[in-house]
Structure formats: C-alpha cells, structure tokens
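Peer 1: query.cif (mmCIF, C-alpha atoms) pasted underneath:
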```
data_start
#
loop_
_atom_site.label_atom_id
_atom_site.label_comp_id
_atom_site.auth_asym_id
_atom_site.auth_seq_id
_atom_site.Cartn_x
_atom_site.Cartn_y
_atom_site.Cartn_z
CA MET G 24 11.37 -7.13 -28.71
CA PRO G 25 9.28 -3.94 -29.08
CA GLN G 26 12.15 -1.64 -28.25
CA SER G 27 14.20 -2.90 -31.19
CA ARG G 28 12.07 -0.82 -33.55
CA ASN G 29 13.00 2.37 -31.67
CA ASN G 30 16.20 4.17 -30.84
CA PRO G 31 17.20 2.65 -27.46
CA ALA G 32 18.89 5.86 -26.29
CA LEU G 33 15.79 7.88 -27.15
CA LEU G 34 13.54 5.36 -25.37
CA ILE G 35 15.63 5.65 -22.19
CA PHE G 36 15.66 9.45 -22.40
CA VAL G 37 11.87 9.58 -22.81
CA ALA G 38 11.42 7.14 -19.93
CA MET G 39 13.67 9.23 -17.68
CA LEU G 40 11.83 12.42 -18.64
CA ALA G 41 8.47 10.81 -17.88
CA ALA G 42 9.73 9.44 -14.55
CA MET G 43 11.13 12.81 -13.50
CA LEU G 44 7.98 14.75 -14.44
CA MET G 45 5.71 12.10 -12.92
CA ILE G 46 7.30 12.41 -9.47
CA ALA G 47 7.75 16.18 -9.76
CA GLN G 48 4.04 16.48 -10.49
CA HIS G 49 3.17 14.19 -7.60
CA ILE G 50 5.20 16.19 -5.08
CA ALA G 51 3.90 19.54 -6.35
CA SER G 52 0.29 18.32 -6.50
CA LYS G 53 0.34 17.08 -2.90
CA ALA G 54 1.77 20.41 -1.71
CA THR G 55 -0.81 22.35 -3.74
CA ARG G 56 -3.63 20.08 -2.57
CA ASP G 57 -2.82 20.70 1.09
CA ALA G 58 -2.14 24.41 0.71
CA LEU G 59 -5.35 25.13 -1.20
CA PHE G 60 -7.53 23.07 1.10
CA LEU G 61 -6.19 24.68 4.29
CA THR G 62 -6.50 28.12 2.69
CA TYR G 63 -10.22 27.78 2.02
CA PHE G 64 -11.38 25.30 4.67
CA ASP G 65 -10.94 24.81 8.37
CA VAL G 66 -8.81 21.79 9.22
CA SER G 67 -11.80 20.24 11.05
CA HIS G 68 -13.28 19.39 7.63
CA LEU G 69 -10.21 17.36 6.66
CA PRO G 70 -11.18 13.97 8.21
CA LYS G 71 -14.43 13.89 6.23
CA LEU G 72 -12.60 14.62 2.99
CA MET G 73 -9.97 11.98 3.83
CA MET G 74 -12.70 9.35 4.20
CA VAL G 75 -14.35 10.37 0.92
CA SER G 76 -10.95 10.34 -0.80
CA ALA G 77 -10.24 6.83 0.51
CA GLY G 78 -13.54 5.55 -0.84
CA ILE G 79 -12.99 7.15 -4.25
CA SER G 80 -9.45 5.79 -4.35
CA VAL G 81 -10.66 2.23 -3.75
CA GLY G 82 -13.30 2.59 -6.45
CA ALA G 83 -10.76 4.02 -8.89
CA VAL G 84 -8.34 1.14 -8.27
CA LEU G 85 -11.06 -1.45 -8.92
CA LEU G 86 -12.18 0.29 -12.10
CA ILE G 87 -8.68 0.85 -13.49
CA SER G 88 -7.63 -2.74 -12.73
CA ARG G 89 -10.50 -3.96 -14.91
CA LEU G 90 -9.63 -1.52 -17.68
CA LEU G 91 -5.96 -2.54 -17.53
CA ALA G 92 -6.92 -6.19 -17.93
CA ARG G 93 -8.94 -5.27 -21.02
CA TYR G 94 -6.76 -2.69 -22.74
CA GLY G 95 -3.27 -3.00 -21.24
CA PRO G 96 -1.07 -0.25 -19.75
CA GLY G 97 0.38 0.85 -23.10
CA ARG G 98 -3.03 2.05 -24.28
CA LEU G 99 -4.77 2.98 -21.04
CA ILE G 100 -2.11 4.85 -19.03
CA PRO G 101 -1.40 7.60 -21.63
CA ALA G 102 -5.15 8.23 -21.85
CA LEU G 103 -5.35 8.54 -18.05
CA TYR G 104 -2.46 11.02 -18.02
CA LEU G 105 -4.27 13.06 -20.67
CA LEU G 106 -7.49 12.92 -18.65
CA SER G 107 -5.62 14.09 -15.56
CA ALA G 108 -4.09 17.00 -17.49
CA LEU G 109 -7.50 18.12 -18.74
CA LEU G 110 -9.04 17.87 -15.27
CA LEU G 111 -6.21 19.92 -13.77
CA ALA G 112 -6.66 22.59 -16.43
CA ALA G 113 -10.38 22.71 -15.60
CA GLN G 114 -9.56 23.01 -11.89
CA TRP G 115 -7.19 25.90 -12.65
CA LEU G 116 -9.97 27.75 -14.46
CA LEU G 117 -12.40 26.96 -11.65
CA SER G 118 -10.01 27.99 -8.87
CA TYR G 119 -10.40 31.73 -9.55
CA SER G 120 -14.21 31.77 -9.55
CA MET G 121 -15.01 28.90 -7.15
CA PRO G 122 -11.79 28.21 -5.22
CA GLN G 123 -13.44 25.99 -2.61
CA VAL G 124 -14.87 23.68 -5.27
CA ALA G 125 -11.49 23.57 -7.01
CA ALA G 126 -9.71 22.77 -3.74
CA VAL G 127 -11.99 19.80 -3.05
CA ALA G 128 -11.76 18.63 -6.66
CA LEU G 129 -7.96 18.68 -6.52
CA TYR G 130 -7.92 16.74 -3.24
CA LEU G 131 -10.12 14.00 -4.72
CA HIS G 132 -8.17 14.07 -7.99
CA VAL G 133 -4.83 13.43 -6.27
CA ALA G 134 -6.35 10.61 -4.19
CA ALA G 135 -8.03 8.90 -7.14
CA LEU G 136 -5.45 9.20 -9.91
CA ASN G 137 -1.88 9.97 -8.87
CA SER G 138 -0.94 6.63 -7.33
CA ILE G 139 -2.62 4.78 -10.21
CA LEU G 140 -0.69 6.82 -12.77
CA ILE G 141 2.63 6.17 -11.04
CA SER G 142 1.93 2.45 -10.81
CA GLY G 143 0.75 2.45 -14.43
CA PHE G 144 3.97 4.08 -15.60
CA TRP G 145 6.00 1.22 -14.11
CA SER G 146 3.66 -1.28 -15.79
CA VAL G 147 4.43 0.35 -19.14
CA ILE G 148 8.16 0.15 -18.37
CA ASN G 149 7.87 -3.55 -17.50
CA GLU G 150 6.15 -4.27 -20.80
CA ARG G 151 8.44 -2.09 -22.88
CA PHE G 152 11.84 -3.39 -21.73
CA ASP G 153 13.00 -7.00 -21.52
CA PRO G 154 14.27 -8.16 -18.08
CA TYR G 155 17.95 -7.66 -18.98
CA SER G 156 17.43 -4.13 -20.29
CA ALA G 157 15.09 -3.26 -17.44
CA LYS G 158 17.81 -3.79 -14.84
CA GLN G 159 19.94 -1.12 -16.51
CA VAL G 160 17.05 1.25 -17.20
CA ILE G 161 15.48 1.12 -13.72
CA ALA G 162 18.67 2.42 -12.09
CA ARG G 163 18.49 5.49 -14.33
CA LEU G 164 14.78 5.89 -13.74
CA THR G 165 15.31 5.76 -9.98
CA ALA G 166 17.80 8.62 -10.26
CA ALA G 167 15.32 10.52 -12.45
CA THR G 168 12.53 10.10 -9.88
CA THR G 169 14.80 11.37 -7.10
CA PHE G 170 15.63 14.43 -9.17
CA GLY G 171 11.93 14.80 -9.94
CA GLY G 172 11.15 15.09 -6.25
CA LEU G 173 13.51 18.06 -6.01
CA VAL G 174 12.07 19.62 -9.16
CA GLY G 175 8.51 19.25 -7.87
CA GLY G 176 9.14 20.98 -4.56
CA ILE G 177 11.21 23.81 -5.99
CA SER G 178 8.97 24.44 -9.01
CA ALA G 179 5.77 24.58 -6.93
CA ASN G 180 7.27 27.15 -4.61
CA ALA G 181 8.72 29.14 -7.52
CA VAL G 182 5.41 29.31 -9.41
CA ALA G 183 3.54 30.32 -6.25
CA SER G 184 6.08 33.09 -5.60
CA ALA G 185 5.98 34.35 -9.20
CA ALA G 186 2.18 34.16 -9.58
CA ASP G 187 -0.02 32.45 -6.97
CA THR G 188 -0.85 28.99 -5.67
CA HIS G 189 -3.68 28.62 -8.20
CA ALA G 190 -1.19 28.93 -11.07
CA ILE G 191 0.53 25.73 -9.94
CA LEU G 192 -2.52 23.84 -11.23
CA LEU G 193 -1.67 24.91 -14.75
CA MET G 194 1.92 23.74 -14.27
CA LEU G 195 0.65 20.40 -12.98
CA SER G 196 -1.56 20.05 -16.04
CA GLY G 197 1.40 20.70 -18.34
CA MET G 198 3.49 18.09 -16.53
CA HIS G 199 0.85 15.40 -16.96
CA LEU G 200 0.27 16.40 -20.57
CA THR G 201 3.98 15.84 -21.23
CA CYS G 202 3.81 12.54 -19.36
CA ALA G 203 0.89 11.47 -21.57
CA ALA G 204 2.96 12.05 -24.72
CA ALA G 205 6.05 10.35 -23.25
CA VAL G 206 4.19 7.28 -21.99
CA ALA G 207 2.30 7.00 -25.29
CA TYR G 208 5.67 6.89 -27.06
CA LEU G 209 6.96 4.24 -24.65
CA GLY G 210 3.83 2.14 -25.09
CA ARG G 211 3.73 2.45 -28.88
CA GLY G 212 3.51 -0.93 -30.58
CA GLN G 213 2.99 -2.95 -27.42
CA GLN G 214 0.77 -5.98 -27.85
CA HIS G 215 -1.73 -6.84 -25.15
CA VAL G 216 -4.07 -9.77 -24.77
CA ALA G 217 -7.20 -8.99 -22.78
CA HIS G 218 -7.64 -11.12 -19.67
CA ARG G 219 -11.36 -11.73 -19.47
CA GLU G 220 -11.07 -13.63 -16.22
CA GLY G 221 -9.60 -10.55 -14.60
CA LEU G 222 -12.78 -8.66 -15.42
CA THR G 223 -15.10 -10.98 -13.59
CA SER G 224 -13.12 -12.47 -10.68
CA SER G 225 -13.99 -11.20 -7.23
CA ILE G 226 -11.58 -8.78 -5.58
CA LEU G 227 -12.34 -10.51 -2.27
CA ALA G 228 -11.41 -14.00 -3.49
CA PRO G 229 -7.76 -13.86 -2.29
CA LEU G 230 -8.95 -12.71 1.16
CA LYS G 231 -11.25 -15.74 1.41
CA ARG G 232 -8.57 -18.20 0.31
CA SER G 233 -5.53 -17.11 2.32
CA ALA G 234 -5.07 -16.15 5.98
CA LEU G 235 -1.73 -14.56 5.05
CA VAL G 236 -3.47 -12.21 2.59
CA ARG G 237 -6.02 -11.29 5.27
CA HIS G 238 -3.25 -10.48 7.74
CA MET G 239 -1.43 -8.39 5.13
CA ALA G 240 -4.66 -6.54 4.37
CA LEU G 241 -5.15 -5.76 8.07
CA LEU G 242 -1.55 -4.56 8.31
CA ALA G 243 -2.02 -2.31 5.28
CA LEU G 244 -5.21 -0.92 6.81
CA ALA G 245 -3.42 -0.20 10.10
CA VAL G 246 -0.56 1.53 8.30
CA ALA G 247 -2.90 3.65 6.17
CA THR G 248 -4.93 4.64 9.23
CA THR G 249 -1.80 5.61 11.15
CA VAL G 250 -0.50 7.73 8.28
CA ALA G 251 -3.89 9.43 7.92
CA VAL G 252 -3.93 10.37 11.62
CA LEU G 253 -0.37 11.72 11.46
CA ASP G 254 -1.28 13.61 8.29
CA PHE G 255 -4.15 15.29 10.08
CA ILE G 256 -1.96 16.26 13.05
CA LEU G 257 0.65 17.81 10.77
CA LYS G 258 -1.92 19.76 8.76
CA ALA G 259 -3.67 20.96 11.90
CA GLU G 260 -0.37 22.33 13.21
CA ALA G 261 0.49 23.88 9.85
CA SER G 262 -2.92 25.54 9.61
CA ALA G 263 -2.57 26.95 13.13
CA ASN G 264 0.99 28.24 12.78
CA LEU G 265 1.40 29.31 9.14
CA SER G 266 -0.21 31.99 7.01
CA ASP G 267 -2.00 31.06 3.80
CA GLU G 268 0.98 32.36 1.80
CA ASP G 269 3.44 30.18 3.74
CA LEU G 270 1.48 26.94 3.39
CA ILE G 271 2.64 26.16 -0.15
CA THR G 272 6.28 26.79 0.78
CA PHE G 273 6.05 24.55 3.82
CA PHE G 274 4.33 21.64 2.08
CA SER G 275 6.53 21.91 -1.03
CA TYR G 276 9.71 21.56 0.95
CA PHE G 277 8.22 19.01 3.35
CA TYR G 278 7.23 16.54 0.61
CA MET G 279 10.48 17.20 -1.24
CA ALA G 280 12.57 16.54 1.88
CA VAL G 281 10.60 13.44 2.85
CA GLY G 282 10.95 11.96 -0.64
CA LEU G 283 14.69 12.62 -0.78
CA GLY G 284 15.20 11.41 2.80
CA THR G 285 13.29 8.18 2.13
CA PHE G 286 15.39 7.49 -0.96
CA LEU G 287 18.67 8.12 0.86
CA PHE G 288 17.59 6.03 3.86
CA GLN G 289 16.60 3.07 1.68
CA THR G 290 19.76 3.35 -0.40
CA LEU G 291 22.27 3.78 2.43
CA ILE G 292 20.67 1.89 5.31
CA GLY G 293 17.94 -0.39 3.93
CA ASP G 294 20.15 -3.35 2.98
CA LYS G 295 22.22 -3.07 6.15
CA ALA G 296 19.06 -3.03 8.30
CA LEU G 297 17.83 -6.22 6.65
CA ARG G 298 21.15 -7.94 7.33
CA TRP G 299 21.42 -6.74 10.93
CA LEU G 300 17.78 -6.90 12.06
CA GLY G 301 16.14 -9.29 9.63
CA LEU G 302 12.79 -8.65 7.94
CA GLY G 303 10.79 -8.64 11.17
CA GLY G 304 13.16 -6.30 12.97
CA THR G 305 13.32 -3.93 10.03
CA MET G 306 9.52 -3.77 9.83
CA ALA G 307 9.33 -3.16 13.58
CA ALA G 308 11.52 -0.08 13.19
CA TRP G 309 8.63 1.80 11.56
CA PRO G 310 6.19 1.71 14.52
CA LEU G 311 9.07 2.25 16.95
CA ALA G 312 10.08 5.41 15.08
CA ILE G 313 6.50 6.70 15.23
CA MET G 314 6.27 5.90 18.95
CA VAL G 315 9.47 7.80 19.71
CA THR G 316 8.63 10.85 17.60
CA GLY G 317 5.03 10.71 18.84
CA ALA G 318 6.21 10.81 22.45
CA GLY G 319 8.27 13.87 21.59
CA ALA G 320 5.25 15.52 20.00
CA LEU G 321 3.19 14.85 23.13
CA VAL G 322 5.82 16.39 25.40
CA LEU G 323 6.43 19.40 23.16
CA ARG G 324 3.54 20.12 20.80
CA SER G 325 4.71 22.25 17.90
CA LEU G 326 4.89 22.31 14.12
CA VAL G 327 8.47 21.04 14.29
CA THR G 328 7.63 17.95 16.36
CA ALA G 329 4.52 17.24 14.24
CA THR G 330 6.67 17.48 11.10
CA VAL G 331 9.27 15.08 12.48
CA MET G 332 6.54 12.66 13.57
CA ARG G 333 4.85 12.69 10.14
CA ALA G 334 8.19 12.32 8.36
CA SER G 335 9.01 9.25 10.46
CA ALA G 336 5.97 7.51 8.96
CA ASN G 337 7.69 7.36 5.58
#
```
Output the file's structure as structure tokens, nothing else.

Peer 2:
Amino acid sequence: MPQSRNNPALLIFVAMLAAMLMIAQHIASKATRDALFLTYFDVSHLPKLMMVSAGISVGAVLLISRLLARYGPGRLIPALYLLSALLLAAQWLLSYSMPQVAAVALYLHVAALNSILISGFWSVINERFDPYSAKQVIARLTAATTFGGLVGGISANAVASAADTHAILLMLSGMHLTCAAAVAYLGRGQQHVAHREGLTSSILAPLKRSALVRHMALLALAVATTVAVLDFILKAEASANLSDEDLITFFSYFYMAVGLGTFLFQTLIGDKALRWLGLGGTMAAWPLAIMVTGAGALVLRSLVTATVMRASAN
C-alpha cells in the first residue's frame, strides 16, 4: 500500500492537521465573507450574488469533476489548495484599495472552491489509506474537524480584534497554503488511472435513466433553496441590528456554534433517531424543525429568532 513507504504516525498527524485547518478555514472564510459583504453592500444585493454564486459553483463542480477523472485527487487537490491560497492573498491586497471588489471576489471564491476542496481532501484520504486503516483514521479526523470548527471561529474573531476584518484574508490564505503542503504529502506516490469516459459522459445521463435520481435532485434543489432563503433572512436581520464591527464576531461564533451543534446532535442523537423514527421520520424532522422555528420567527421577528431558525436548517 502507498502508506507503507511513509511513517504511519506522521501520515495520521499530517492528515489531522490538514483536516483541522481545512474546517477552521471554512468556518472563518464564511464568517469573513458575510461580514465583508454586509459591511460594503446593502443586504438587498445579496439574492443576486447568491444566484451568481450558485451558477459558478455548478460550473466549478463540473470542471473539477473532469479534472479529477484525468489527474486524480492526489495531484489536483493540492494544486487547488495552492490556487485558493494565492487568490486569498490577492483578495487581501485588493481589500484595502477596492474593498467592494474584494468582498464580491471572496463571496464567489467561497462558493466555487471551499466545498470542492473539502470533498477533495476526503478523496485523497480514501486513496491514501486502505479500508481497514481508514476506519481508525477517520475517527481521529472527525475529532480534528470538530476542533477545527472551534479554531476557525475563535481565530477569525481574534484576528479581527487585533487588526481588522481584512487581515483575516491573509490568515485564510496561510491556512490553505498549509493545507496544500499537507495534502501534497498525503497524496505523494499515489497512482491514478485517467478515466476517459468520465470526461465525455453527460452529467444529465443519470437524471434521464432513473426516476429516483430525479426525485433526489428535486429534493436537493428544495433543500438548497430553503437554506438560501433562511440565509438571507438571517443576514438581513444581522445587517439591521449589528454594527459593521460586530458582524465578524456574530458570524464567527454562529458558524462555530452551528458546526459544533451539528456534530454533537449527529453523534448523540442521530443513531437513536434512526432507530426510533426510521429513515423517513428522521428526514421529516428537518422540515418540521424549520416550520416550528419559522413560526416563532413570524410571531417574534428578531435576530435571535432568525438565528435559531437558520441554525435549525443544519
């Protein structure tokens, strides 16, 4: 196996470091994205940017899936982390002279790259470790990602307090630069055979063949639309009730708390819910939670109720 040529303990340490920094960067980048955008733009512009971000995200997924089929995650994902680090450094430089341009660039950057980079990291892990080793490693990586969520929220707020919100962009760049080196080490020596058929097959072919896939696609679209609407409501309330200086603190701790809460809920209650309610009942709990918290937000409109409603969507 590829890992036999490396120190197993060092491989696991590097993987845990990359996992922690990857999630820390994701939490901090989302908080910075929202804070910068609401600082320099009215919230009424947010729906248009959300739609543009969605389109760019779909295009990025299609492009990266083709590149992954050709080059494999071990070669491609470190390069994408490096590209992200360079773009973030450029946005940091730009943020002081053209902050509005930098704010939009960061919003599109997070939409286009962050989810792909997180997914790509797990692809590298799957190729690096054999199934037996992966079971042991993934438990440690899960703990590292949970810790990373805490690090991301706290570090973003700390950097903003010590310098300013723009300086967080430089921290984000450094995190992804470290991830690039770590993932390159993890992917070193991996062999990949290009899948030419993956480069030419239609992305719509599964939708044409299977009614189940079409239903799942519609469900995913409904979920994404619901989350986008709740996101807008939360950011509208935050923009109306918080000063520019308080936005980064609010979003840092919000994303940190939601990430930690989701992990604890899945760990402590997820299996029990499946046993008690079954798959259908467990899935139904998500819209029911949004309906209940949404009713509360309608009765008492405030930042608190909007926060609870948005958090319930996770």

Peer 1: Write out, as JSON lines, each residue of region 135-234 of chain G that has an atom at most 10 Å from region 284-290 of chain G, together with the closest pair of atoms and their distance in Å to one decimal, counting all atoms listed in the file, rows going by chain and rising number.

Peer 2:
```
{"residue": "G:Thr165", "atom": "CA", "partner": "G:Phe286", "partner_atom": "CA", "distance": 9.2}
{"residue": "G:Ala166", "atom": "CA", "partner": "G:Phe286", "partner_atom": "CA", "distance": 9.7}
{"residue": "G:Thr168", "atom": "CA", "partner": "G:Phe286", "partner_atom": "CA", "distance": 9.7}
{"residue": "G:Thr169", "atom": "CA", "partner": "G:Phe286", "partner_atom": "CA", "distance": 7.3}
```

Peer 1: Name the residues that the PyMOL selection byres ((chain G and resi 305-315) around 12) picks from the file above, as a ChimeraX atom specification, using the file's chain letters and numbers.

Peer 2: /G:242,245-246,249-250,252-253,289,292-304,316-322,328-337

Peer 1: For the structure shown, which residues end up in the PyMOL selection byres ((chain G and resi 163) around 12)? Put them as a PyMOL selection string, please?

Peer 2: chain G and resi 32+35-43+156-162+164-170

Peer 1: Run the PyMOL selection byres ((chain G and resi 261-278) around 9) on the file and write out the hits as JSON, numbers by chain.

Peer 2: {"G": [50, 51, 53, 54, 55, 57, 58, 59, 61, 62, 65, 66, 172, 173, 175, 176, 177, 178, 179, 180, 181, 183, 184, 187, 188, 256, 257, 258, 259, 260, 279, 280, 281, 282, 283, 325, 326, 329, 330, 334]}

Peer 1: Enter the distance from CA of Leu323 (chain G) to CA of Leu244 (chain G), in Å, rounded to one decimal.

Peer 2: 28.6 Å

Peer 1: Using only C-alpha atoms and a cutoff of 8 Å, can you tell me which residues are near (1.0, 2.3, -26.3) in the file's coordinates, and write them out as JSON, numbers by chain?

Peer 2: {"G": [96, 97, 98, 99, 101, 206, 207, 208, 209, 210, 211, 212, 213]}

Peer 1: Print the selection's residues with C-alpha atoms to a file, as a JSON list (two decimals), in the coordinates of the input.

Peer 2:
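Okay, this is what ended up in out-v7.json:
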```
[["chain", "number", "residue", "atom", "x", "y", "z"],
["G", 96, "PRO", "CA", -1.07, -0.25, -19.75],
["G", 97, "GLY", "CA", 0.38, 0.85, -23.10],
["G", 98, "ARG", "CA", -3.03, 2.05, -24.28],
["G", 99, "LEU", "CA", -4.77, 2.98, -21.04],
["G", 101, "PRO", "CA", -1.40, 7.60, -21.63],
["G", 206, "VAL", "CA", 4.19, 7.28, -21.99],
["G", 207, "ALA", "CA", 2.30, 7.00, -25.29],
["G", 208, "TYR", "CA", 5.67, 6.89, -27.06],
["G", 209, "LEU", "CA", 6.96, 4.24, -24.65],
["G", 210, "GLY", "CA", 3.83, 2.14, -25.09],
["G", 211, "ARG", "CA", 3.73, 2.45, -28.88],
["G", 212, "GLY", "CA", 3.51, -0.93, -30.58],
["G", 213, "GLN", "CA", 2.99, -2.95, -27.42]]
```

Peer 1: What separation in Å, quoted to one decimal, exists between CA of His199 (chain G) and CA of Ile139 (chain G)?

Peer 2: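 It comes out at 13.1 Å.
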
Peer 1: Go through G:His189, G:Arg89, G:His132, G:Lys71 one by one, measure the shortest atom-to-atom distance of each to Tyr119 (chain G) using only C-alpha atoms, and give the residue with the smallest value.

Peer 2: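 For Tyr119 (chain G), the nearest of the given residues is G:His189.
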
Peer 1: Measuring atom to atom with all atoms listed in the file, identify which of G:Leu291, G:Leu131, G:Ala234, G:Ala205 is nearest to Ser52 (chain G).

Peer 2: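 Checking each of G:Leu291, G:Leu131, G:Ala234, G:Ala205 against Ser52 (chain G), counting all atoms listed in the file, the winner is G:Leu131.
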
Peer 1: So the first atom is CA of Ser107 (chain G) and the second is CA of Ala243 (chain G); what is the distance between them in Å, to one decimal place?

Peer 2: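 Atom-to-atom, CA of Ser107 (chain G) and CA of Ala243 (chain G) are spaced 26.8 Å apart.
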